[in-house]
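Visitor: My structure is in input_9.csv, and what it holds is CSV, C-alpha atoms:
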chain,number,residue,atom,x,y,z
A,895,MET,CA,32.2,-41.3,26.0
A,896,ARG,CA,30.9,-42.0,29.5
A,897,THR,CA,31.1,-45.6,30.6
A,898,ASP,CA,27.4,-45.7,31.5
A,899,ASP,CA,26.4,-44.6,28.1
A,900,LEU,CA,28.6,-47.3,26.6
A,901,LEU,CA,27.0,-49.9,28.8
A,902,ASP,CA,23.5,-48.7,27.7
A,903,ALA,CA,24.5,-48.9,24.0
A,904,MET,CA,26.0,-52.4,24.4
A,905,ALA,CA,22.9,-53.6,26.3
A,906,ALA,CA,20.7,-52.2,23.5
A,907,ASP,CA,22.9,-53.8,20.9
A,908,LEU,CA,22.5,-57.2,22.6
A,909,ARG,CA,21.5,-60.1,20.4
A,910,PRO,CA,21.2,-63.6,21.7
A,911,THR,CA,24.4,-65.7,21.2
A,912,PRO,CA,23.6,-69.3,20.5
A,913,ARG,CA,25.5,-72.1,22.2
A,914,GLY,CA,28.5,-73.3,20.2
A,915,ALA,CA,28.5,-70.1,18.1
A,916,MET,CA,32.2,-70.1,18.1
A,917,THR,CA,32.8,-73.6,17.0
A,918,LEU,CA,30.1,-73.1,14.3
A,919,ARG,CA,31.9,-70.1,13.0
A,920,LEU,CA,35.2,-71.9,12.9
A,921,ALA,CA,33.7,-74.9,11.2
A,922,VAL,CA,32.1,-72.7,8.5
A,923,GLY,CA,35.5,-71.1,8.0
A,924,ALA,CA,37.2,-74.4,7.8
A,925,ALA,CA,34.6,-75.8,5.4
A,926,ALA,CA,34.8,-72.7,3.1
A,927,GLY,CA,38.6,-72.8,3.0
A,928,GLY,CA,38.6,-76.6,2.5
A,929,ALA,CA,36.1,-76.3,-0.4
A,930,VAL,CA,38.2,-73.7,-2.1
A,931,ALA,CA,41.3,-75.9,-1.7
A,932,LEU,CA,39.3,-78.9,-3.0
A,933,LEU,CA,38.1,-76.9,-6.0
A,934,LEU,CA,41.7,-75.8,-6.7
A,935,VAL,CA,42.9,-79.4,-6.7
A,936,ILE,CA,40.1,-80.6,-9.0
A,937,CYS,CA,40.4,-77.7,-11.5
A,938,LEU,CA,44.1,-77.0,-11.5
A,939,LEU,CA,46.0,-80.1,-10.3
A,940,GLY,CA,43.5,-82.7,-11.4
A,941,LEU,CA,42.6,-85.8,-9.4
A,942,ARG,CA,45.1,-88.6,-9.6
A,943,GLY,CA,44.4,-90.9,-12.6
A,944,ASP,CA,44.1,-94.0,-10.6
A,945,LEU,CA,42.0,-92.6,-7.8
A,946,ILE,CA,39.2,-95.2,-8.2
A,947,GLU,CA,41.7,-98.1,-7.8
A,948,ALA,CA,43.6,-96.3,-5.1
A,949,ILE,CA,40.5,-95.9,-2.9
A,950,GLY,CA,40.2,-99.7,-2.9
A,951,GLY,CA,43.7,-99.8,-1.4
A,952,ALA,CA,44.7,-99.2,2.2
A,953,PHE,CA,47.5,-96.7,1.7
A,954,ILE,CA,45.3,-93.7,0.6
A,955,TRP,CA,43.3,-94.2,3.7
A,956,ILE,CA,46.3,-94.3,6.0
A,957,LYS,CA,47.6,-91.1,4.4
A,958,ALA,CA,44.2,-89.4,4.7
A,959,GLY,CA,43.9,-90.7,8.3
A,960,TYR,CA,47.2,-89.1,9.2
A,961,THR,CA,46.3,-85.7,7.8
A,962,VAL,CA,42.7,-85.8,9.0
A,963,LEU,CA,43.7,-86.7,12.6
A,964,MET,CA,46.3,-83.8,12.5
A,965,ALA,CA,43.6,-81.5,11.3
A,966,ALA,CA,41.3,-82.6,14.1
A,967,VAL,CA,44.0,-81.9,16.7
A,968,ALA,CA,44.8,-78.6,15.2
A,969,PHE,CA,41.1,-77.6,15.1
A,970,TRP,CA,40.8,-78.4,18.7
A,971,ALA,CA,43.8,-76.3,19.5
A,972,VAL,CA,42.4,-73.4,17.4
A,973,SER,CA,39.1,-73.5,19.3
A,974,ARG,CA,40.9,-73.5,22.6
A,975,LEU,CA,43.4,-70.8,21.8
A,976,SER,CA,40.6,-68.6,20.3
A,977,ARG,CA,39.3,-68.0,23.8
A,978,PRO,CA,41.0,-65.5,26.1
A,979,GLY,CA,43.4,-67.2,28.3
A,980,GLY,CA,42.8,-70.4,26.5
A,981,ARG,CA,45.5,-73.1,26.4
A,982,ALA,CA,46.0,-76.2,24.3
A,983,ASP,CA,48.9,-77.8,26.1
A,984,ALA,CA,48.0,-81.3,25.0
A,985,ALA,CA,47.9,-80.5,21.3
A,986,PRO,CA,51.7,-80.5,20.6
A,987,TRP,CA,52.0,-83.8,22.4
A,988,ILE,CA,49.2,-85.4,20.4
A,989,ALA,CA,50.5,-83.9,17.1
A,990,GLY,CA,54.0,-85.0,18.0
A,991,THR,CA,52.8,-88.6,18.7
A,992,LEU,CA,51.1,-88.7,15.3
A,993,VAL,CA,54.2,-87.5,13.5
A,994,LEU,CA,56.4,-90.0,15.4
A,995,GLY,CA,54.0,-92.8,14.6
A,996,PHE,CA,54.1,-92.0,11.0
A,997,VAL,CA,57.8,-91.5,10.9
A,998,ALA,CA,58.2,-94.9,12.7
A,999,ALA,CA,56.1,-96.5,9.9
A,1000,ALA,CA,58.3,-94.8,7.4
A,1001,GLY,CA,61.4,-96.1,9.2
A,1002,MET,CA,60.1,-99.7,9.1
A,1003,GLU,CA,59.3,-99.3,5.4
A,1004,LEU,CA,62.8,-98.1,4.8
A,1005,VAL,CA,64.4,-100.9,6.8
A,1006,SER,CA,62.4,-103.5,4.9
A,1007,THR,CA,63.5,-102.2,1.5
A,1008,ASP,CA,66.7,-102.4,-0.3
A,1009,SER,CA,68.8,-99.3,0.4
A,1010,SER,CA,69.2,-98.5,-3.3
A,1011,HIS,CA,65.6,-97.5,-3.4
A,1012,HIS,CA,65.8,-95.2,-0.4
A,1013,ALA,CA,66.6,-91.9,-2.2
A,1014,HIS,CA,63.7,-92.5,-4.5
A,1015,MET,CA,61.4,-93.3,-1.7
A,1016,VAL,CA,62.2,-90.1,0.0
A,1017,HIS,CA,62.1,-87.9,-3.0
A,1018,GLY,CA,59.4,-89.7,-4.9
A,1019,ASN,CA,58.6,-88.2,-8.3
A,1020,SER,CA,57.2,-84.9,-7.0
A,1021,PHE,CA,58.5,-83.7,-3.8
A,1022,SER,CA,59.1,-80.0,-4.5
A,1023,TYR,CA,55.8,-79.9,-6.4
A,1024,CYS,CA,54.0,-81.6,-3.5
A,1025,LEU,CA,55.4,-79.3,-0.9
A,1026,SER,CA,54.6,-76.1,-2.8
A,1027,ALA,CA,51.1,-77.5,-3.7
A,1028,ILE,CA,50.3,-78.2,0.0
A,1029,ILE,CA,51.5,-74.7,1.0
A,1030,THR,CA,49.6,-73.0,-1.8
A,1031,LEU,CA,46.4,-75.0,-1.0
A,1032,SER,CA,46.7,-74.1,2.6
A,1033,ILE,CA,46.5,-70.4,2.0
A,1034,PRO,CA,42.7,-70.2,1.3
A,1035,VAL,CA,42.1,-72.4,4.4
A,1036,LEU,CA,44.3,-70.3,6.5
A,1037,ALA,CA,42.7,-67.1,5.3
A,1038,ALA,CA,39.2,-68.4,6.1
A,1039,MET,CA,40.3,-69.5,9.6
A,1040,LEU,CA,42.1,-66.3,10.5
A,1041,LEU,CA,39.1,-64.3,9.3
A,1042,ALA,CA,36.8,-66.3,11.6
A,1043,MET,CA,39.3,-66.0,14.5
A,1044,ARG,CA,39.5,-62.3,14.2
A,1045,ALA,CA,36.1,-62.2,15.8
A,1046,PHE,CA,37.4,-64.1,18.8
A,1047,ALA,CA,39.8,-63.2,21.5
A,1048,PRO,CA,43.1,-65.2,21.3
A,1049,THR,CA,45.4,-63.9,24.0
A,1050,GLN,CA,48.3,-65.7,22.4
A,1051,PRO,CA,48.0,-64.6,18.8
A,1052,THR,CA,51.2,-66.3,17.5
A,1053,LEU,CA,50.3,-69.6,19.0
A,1054,ALA,CA,46.7,-69.4,17.8
A,1055,GLY,CA,48.0,-68.6,14.3
A,1056,LEU,CA,50.3,-71.6,14.5
A,1057,ALA,CA,47.4,-73.8,15.3
A,1058,ALA,CA,45.4,-72.3,12.4
A,1059,GLY,CA,48.4,-72.8,10.1
A,1060,VAL,CA,48.9,-76.4,11.0
A,1061,PHE,CA,45.1,-77.0,10.6
A,1062,SER,CA,45.2,-75.4,7.1
A,1063,GLY,CA,48.3,-77.4,6.2
A,1064,ALA,CA,46.6,-80.6,7.3
A,1065,VAL,CA,43.4,-79.8,5.4
A,1066,ALA,CA,45.5,-78.9,2.3
A,1067,ALA,CA,47.5,-82.1,2.6
A,1068,THR,CA,44.3,-84.1,2.9
A,1069,VAL,CA,42.8,-82.7,-0.3
A,1070,TYR,CA,46.1,-82.8,-2.1
A,1071,GLY,CA,46.2,-86.5,-1.3
A,1072,LEU,CA,43.4,-86.9,-3.9
A,1073,SER,CA,45.8,-85.6,-6.5
A,1074,CYS,CA,49.1,-87.0,-5.4
A,1075,ALA,CA,49.9,-90.6,-6.5
A,1076,GLU,CA,52.9,-91.1,-4.3
A,1077,SER,CA,52.3,-94.1,-2.2
A,1078,THR,CA,55.3,-94.6,0.2
A,1079,ALA,CA,55.0,-93.8,3.9
A,1080,THR,CA,58.5,-92.3,3.7
A,1081,PHE,CA,57.4,-89.8,1.1
A,1082,VAL,CA,54.3,-88.8,3.1
A,1083,ALA,CA,56.2,-88.7,6.4
A,1084,THR,CA,58.7,-86.3,4.9
A,1085,TRP,CA,56.9,-84.0,2.6
A,1086,TYR,CA,53.3,-83.9,3.9
A,1087,THR,CA,54.7,-83.4,7.4
A,1088,LEU,CA,57.0,-80.7,6.2
A,1089,GLY,CA,54.1,-79.0,4.3
A,1090,MET,CA,52.1,-78.9,7.5
A,1091,VAL,CA,55.1,-77.6,9.5
A,1092,LEU,CA,55.7,-74.8,7.0
A,1093,SER,CA,52.1,-73.8,6.8
A,1094,GLY,CA,52.1,-73.8,10.6
A,1095,ALA,CA,55.0,-71.3,10.5
A,1096,LEU,CA,53.1,-69.2,7.9
A,1097,GLY,CA,50.1,-69.2,10.2
A,1098,ALA,CA,52.2,-68.2,13.3
A,1099,ALA,CA,53.7,-65.3,11.3
A,1100,ALA,CA,50.3,-64.2,10.1
A,1101,GLY,CA,48.6,-64.7,13.4
A,1102,ARG,CA,51.0,-62.5,15.2
A,1103,TRP,CA,49.7,-59.5,13.3
A,1104,VAL,CA,46.3,-60.5,12.1
A,1105,LEU,CA,44.9,-61.9,15.3
A,1106,ARG,CA,45.7,-58.9,17.5
A,1107,TRP,CA,42.7,-57.1,18.9
B,336,MET,CA,26.1,-63.6,31.6
B,337,LEU,CA,24.1,-66.7,30.7
B,338,ARG,CA,20.9,-64.7,30.6
B,339,GLY,CA,22.8,-62.0,28.6
B,340,LEU,CA,23.9,-64.5,26.1
B,341,ASP,CA,20.3,-65.6,25.7
B,342,GLY,CA,19.3,-62.0,25.0
B,343,ASP,CA,18.1,-60.7,28.4
B,344,ALA,CA,19.1,-57.0,28.0
B,345,GLN,CA,18.3,-56.0,31.6
B,346,ALA,CA,20.3,-58.7,33.2
B,347,TYR,CA,23.1,-58.0,30.7
B,348,ARG,CA,23.1,-54.3,31.6
B,349,ARG,CA,23.4,-55.1,35.3
B,350,LEU,CA,26.2,-57.5,34.6
B,351,LEU,CA,28.1,-54.9,32.6
B,352,ALA,CA,27.8,-52.4,35.5
B,353,LEU,CA,29.1,-55.0,37.9
B,354,LEU,CA,32.0,-55.9,35.6
B,355,SER,CA,32.9,-52.3,35.0
B,356,ASP,CA,33.3,-51.8,38.8
B,357,ARG,CA,35.5,-54.9,39.1
B,358,LEU,CA,37.6,-53.9,36.1
B,359,ARG,CA,38.0,-50.4,37.3
B,360,LEU,CA,39.5,-51.8,40.5
B,361,TYR,CA,41.6,-54.2,38.6
B,362,PHE,CA,43.2,-51.6,36.3
B,363,ALA,CA,43.4,-48.9,39.0
B,364,ARG,CA,45.5,-51.2,41.2
B,365,ARG,CA,47.9,-51.9,38.3
B,366,LEU,CA,48.1,-48.4,36.7
B,367,GLY,CA,48.4,-46.3,39.8
B,368,GLU,CA,47.6,-42.7,39.1
B,369,ALA,CA,46.9,-42.7,35.4
B,370,ARG,CA,43.1,-42.4,36.0
B,371,ASP,CA,42.1,-41.5,32.4
B,372,ASP,CA,43.8,-44.7,31.2
B,373,VAL,CA,41.8,-46.7,33.7
B,374,GLU,CA,38.5,-45.6,32.3
B,375,ASP,CA,39.7,-46.1,28.7
B,376,LEU,CA,40.8,-49.6,29.6
B,377,VAL,CA,37.6,-50.4,31.3
B,378,GLN,CA,35.7,-49.3,28.2
B,379,ASP,CA,38.0,-51.2,25.9
B,380,THR,CA,37.7,-54.4,27.9
B,381,LEU,CA,33.9,-54.2,28.2
B,382,LEU,CA,33.7,-53.5,24.5
B,383,ALA,CA,35.8,-56.5,23.7
B,384,ALA,CA,33.7,-58.6,26.1
B,385,HIS,CA,30.6,-57.5,24.3
B,386,THR,CA,31.8,-58.0,20.7
B,387,ARG,CA,33.7,-61.2,21.6
B,388,ARG,CA,31.1,-62.7,24.0
B,389,ALA,CA,30.9,-65.8,21.8
B,390,THR,CA,34.3,-66.8,23.2
B,391,TYR,CA,32.8,-67.2,26.7
B,392,ASP,CA,32.5,-70.9,27.5
B,393,ARG,CA,29.2,-71.3,29.3
B,394,SER,CA,30.5,-74.2,31.3
B,395,GLN,CA,33.4,-72.1,32.8
B,396,PRO,CA,33.3,-69.4,35.5
B,397,LEU,CA,32.9,-65.9,34.2
B,398,THR,CA,35.6,-63.9,36.1
B,399,PRO,CA,38.7,-65.6,34.7
B,400,TRP,CA,37.3,-64.9,31.2
B,401,VAL,CA,36.8,-61.2,31.9
B,402,TYR,CA,40.2,-60.8,33.6
B,403,ALA,CA,41.9,-62.6,30.7
B,404,LEU,CA,40.4,-60.0,28.4
B,405,GLY,CA,41.4,-57.2,30.8
B,406,ARG,CA,44.9,-58.6,31.1
B,407,TYR,CA,45.4,-58.7,27.4
B,408,LYS,CA,44.2,-55.1,27.1
B,409,LEU,CA,46.5,-54.0,29.9
B,410,ILE,CA,49.5,-55.6,28.4
B,411,ASP,CA,48.6,-54.1,25.0
B,412,HIS,CA,48.3,-50.7,26.7
B,413,TRP,CA,51.7,-51.0,28.3
B,414,ARG,CA,53.3,-52.2,25.1
B,415,ARG,CA,51.8,-49.3,23.2
B,416,ARG,CA,52.9,-46.7,25.7
B,417,ARG,CA,56.2,-48.5,26.1
B,418,ILE,CA,55.8,-48.0,29.8
B,419,ARG,CA,58.2,-49.7,32.1
B,420,VAL,CA,56.3,-50.0,35.3
B,421,HIS,CA,58.2,-50.1,38.5
B,422,LEU,CA,56.0,-51.9,41.0
B,423,PRO,CA,56.9,-51.3,44.6
B,424,ILE,CA,58.2,-54.6,45.9
B,425,GLU,CA,56.4,-54.1,49.2
B,426,ASP,CA,53.1,-54.8,47.4
B,427,TYR,CA,54.4,-58.2,46.5
B,428,ALA,CA,56.0,-59.1,49.8
B,429,ASP,CA,53.2,-61.6,50.6
B,430,PHE,CA,53.5,-63.2,47.3
B,431,LEU,CA,57.3,-63.5,47.5
B,432,ALA,CA,57.2,-64.7,51.0
B,433,ALA,CA,54.6,-67.3,50.1
B,434,ASP,CA,56.8,-68.4,47.3
B,435,SER,CA,59.9,-69.1,49.4
B,436,HIS,CA,57.9,-71.1,51.9
B,437,ASP,CA,56.5,-73.4,49.3
B,438,PRO,CA,56.0,-76.6,51.2
B,439,ALA,CA,56.9,-78.8,48.3
B,440,ALA,CA,60.3,-77.0,47.9
B,441,ALA,CA,60.9,-77.1,51.6
B,442,GLY,CA,60.3,-80.9,51.6
B,443,ASP,CA,62.8,-81.3,48.7
B,444,LEU,CA,65.3,-79.3,50.5
B,445,ASP,CA,65.0,-81.2,53.7
B,446,ARG,CA,65.3,-84.5,51.8
B,447,VAL,CA,68.5,-83.4,50.0
B,448,MET,CA,70.0,-81.9,53.1
B,449,SER,CA,69.3,-84.9,55.3
B,450,GLY,CA,72.5,-86.6,54.0
B,451,LEU,CA,74.8,-83.9,55.5
B,452,SER,CA,76.2,-83.6,59.0
B,453,ALA,CA,74.5,-81.2,61.3
B,454,GLN,CA,77.4,-78.8,61.1
B,455,HIS,CA,77.3,-78.8,57.3
B,456,GLN,CA,73.6,-78.4,57.3
B,457,ALA,CA,73.8,-75.3,59.5
B,458,LEU,CA,76.5,-73.8,57.3
B,459,VAL,CA,74.6,-74.3,54.1
B,460,ARG,CA,71.4,-72.8,55.6
B,461,ASP,CA,73.2,-69.8,57.1
B,462,VAL,CA,75.3,-68.9,54.1
B,463,LYS,CA,73.2,-70.0,51.1
B,464,LEU,CA,69.7,-69.6,52.4
B,465,GLU,CA,69.9,-66.8,54.9
B,466,GLY,CA,72.7,-64.9,53.3
B,467,LEU,CA,75.1,-64.6,56.2
B,468,SER,CA,78.8,-64.1,55.4
B,469,LEU,CA,81.3,-66.9,55.8
B,470,ALA,CA,82.8,-65.2,58.9
B,471,GLU,CA,79.4,-64.9,60.6
B,472,ALA,CA,78.3,-68.4,59.8
B,473,GLY,CA,81.7,-69.7,60.9
B,474,ALA,CA,81.3,-67.9,64.2
B,475,ARG,CA,78.0,-69.6,64.8
B,476,ALA,CA,79.5,-73.0,64.1
B,477,SER,CA,82.6,-72.0,66.1
B,478,LEU,CA,84.9,-72.3,63.0
B,479,SER,CA,87.4,-69.9,61.6
B,480,GLU,CA,86.4,-68.2,58.3
B,481,GLY,CA,88.8,-70.4,56.3
B,482,ALA,CA,87.6,-73.6,57.9
B,483,ALA,CA,84.0,-72.5,57.3
B,484,LYS,CA,84.8,-71.9,53.7
B,485,VAL,CA,86.3,-75.4,53.3
B,486,ALA,CA,83.5,-77.0,55.1
B,487,LEU,CA,80.9,-75.2,53.0
B,488,HIS,CA,82.6,-76.2,49.8
B,489,ARG,CA,82.6,-79.8,50.9
B,490,ALA,CA,78.9,-79.6,51.9
B,491,MET,CA,78.0,-78.0,48.6
B,492,LYS,CA,79.9,-80.6,46.6
B,493,ARG,CA,78.2,-83.4,48.5
B,494,LEU,CA,74.8,-81.8,47.9
B,495,THR,CA,75.5,-81.5,44.2
B,496,GLU,CA,76.4,-85.2,44.1
B,497,ARG,CA,73.3,-86.1,46.0
B,498,ALA,CA,71.1,-84.0,43.8
B,499,ARG,CA,72.5,-85.6,40.7
B,500,GLY,CA,71.9,-89.0,42.2
B,501,HIS,CA,68.3,-88.0,42.7
B,502,GLU,CA,67.8,-86.9,39.2
B,503,ASP,CA,69.3,-90.1,37.9
Will you turn the file into structure tokens for me?
Guide:
Amino acid sequence: MRTDDLLDAMAADLRPTPRGAMTLRLAVGAAAGGAVALLLVICLLGLRGDLIEAIGGAFIWIKAGYTVLMAAVAFWAVSRLSRPGGRADAAPWIAGTLVLGFVAAAGMELVSTDSSHHAHMVHGNSFSYCLSAIITLSIPVLAAMLLAMRAFAPTQPTLAGLAAGVFSGAVAATVYGLSCAESTATFVATWYTLGMVLSGALGAAAGRWVLRW
Amino acid sequence: MLRGLDGDAQAYRRLLALLSDRLRLYFARRLGEARDDVEDLVQDTLLAAHTRRATYDRSQPLTPWVYALGRYKLIDHWRRRRIRVHLPIEDYADFLAADSHDPAAAGDLDRVMSGLSAQHQALVRDVKLEGLSLAEAGARASLSEGAAKVALHRAMKRLTERARGHED
């Protein structure tokens, strides 16, 4: 095909691209994936029995704040890395600060309690369940994000996948928080964080292949 | 591009023609003689720019965006063909020379070297920076090769100590 013909064809194919089309597309993907994860929590895992009382307390909001902030950072990184040549150098620092902050809170909690409770505070009642739930719930979100990102042009597919993975892990952890009755900072700092890290790794592995163009 | 994004097909067609010229140059410079590949890559990149035009940030300049697309396609092309390109170093002489005369690095060097005696400074510059042999550098500083070796060793040791001191 001659290049001139190609140019004509592309000019003929042109449709207006609204401002913010990319962010919109990502947001739609995130919302769709998040909705599926929420539905899964409600139908399969069930909301925590004491949800109404818990909402009155502070801890469920702290927990949600942690994961929502992480999701926000990761979403920013995704939208940056979806552009060719895009970088998100600040994202790891912000995310690291968030994790450190939460780990510090967990440390203070541990110091202020008797050491005989420590093992229980880390393991809680449901750690392996919690971890696998977060990773499972992150999969629909990750799929929706990667699908949206395939239309973009990430020049660092692995890194973009990592950001998408952390985002989906954070969204999954947020909705899972509605089902999970654990209420120690130590538990959240350990297992929620690990869940987000592992889904990040999953995203990086997937992105490496899926996001090539 | 902005008018193109808003749907002005004529402006968009002109832009594409302009970009294809730029990209042709860009790829030709990097691929050398493989002319068919150049045209393929130009088409590939333009197609990517067209289908992924939503990734262009209106507040940013256009050329870096286009070249980022082109660069990705070029790397992909090399990876697929498993080509190891041997670029003639003469083409990069300017770049390399510019690099070694980085004013910031030169400033650092002067600062670290300032703690040495004039003779030691001359030895370090001659041997470590300009690549003279010990014998040649020694002759310049009117030392025997052995004495030059010892002096250089002392100078380097002192430099290392000073550099460590700076880091701490």
Visitor: What does the distance between CA of Gly1055 in chain A and CA of Lys408 in chain B come to in Å, to one decimal place?
Guide: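 So the two atoms, CA of Gly1055 in chain A and CA of Lys408 in chain B, lie 19.0 Å apart.
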Visitor: Residues of chain B were defined as contacting chain A if any atom lay at most 7 Å from it, counting all atoms listed in the file; please report them as a list in words.
Guide: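 Output check: Leu340, Asp341, Gly342, Ala344, Tyr347, Arg348, Leu351, Gln378, His385, Arg387, Ala389, Thr390, Trp400, Ala403, Leu404 and Tyr407 of chain B.
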Visitor: If we count all atoms listed in the file, what is near Leu945 in chain A at a cut-off of 9 Å, once residues fewer than 6 positions away on the same chain are taken out, given as number ranges by chain?
Guide: A: 1072-1073, 1075
Visitor: Can I get the selection written as an mmCIF file, in the coordinates of the input, with C-alpha atoms?
Guide:
data_model
loop_
_atom_site.group_PDB
_atom_site.id
_atom_site.type_symbol
_atom_site.label_atom_id
_atom_site.label_comp_id
_atom_site.auth_asym_id
_atom_site.auth_seq_id
_atom_site.Cartn_x
_atom_site.Cartn_y
_atom_site.Cartn_z
ATOM 1 C CA LEU A 1072 43.400 -86.900 -3.900
ATOM 2 C CA SER A 1073 45.800 -85.600 -6.500
ATOM 3 C CA ALA A 1075 49.900 -90.600 -6.500
#
Visitor: How far is it from CA of Ser479 in chain B to CA of Gln454 in chain B, in Å with one decimal?
Guide: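 So the answer is 13.4 Å.
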Visitor: Report, in Å to a single decimal, how far apart CA of Ser1032 in chain A and CA of Ser1093 in chain A are.
Guide: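 Answer for the CA of Ser1093 in chain A to CA of Ser1032 in chain A separation: 6.8 Å.
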Visitor: Neighbours of Leu941 in chain A within 9 Å (only C-alpha atoms; same-chain residues fewer than 2 positions away dropped), as a VMD selection string?
Guide: chain A and resid 935 to 937 939 943 to 945 1070 to 1074
Visitor: Residues at most 7 Å from Pro1034 in chain A, counting only C-alpha atoms, excluding those fewer than 2 positions away in the same chain, as a PyMOL selection string?
Guide: chain A and resi 927+930-931+1031-1032+1036-1038
Visitor: Counting all atoms listed in the file, what is within 7 Å of Val972 in chain A, bar same-chain residues fewer than 2 positions away, as number ranges by chain?
Guide: A: 968-970, 974-976, 1054, 1057-1058
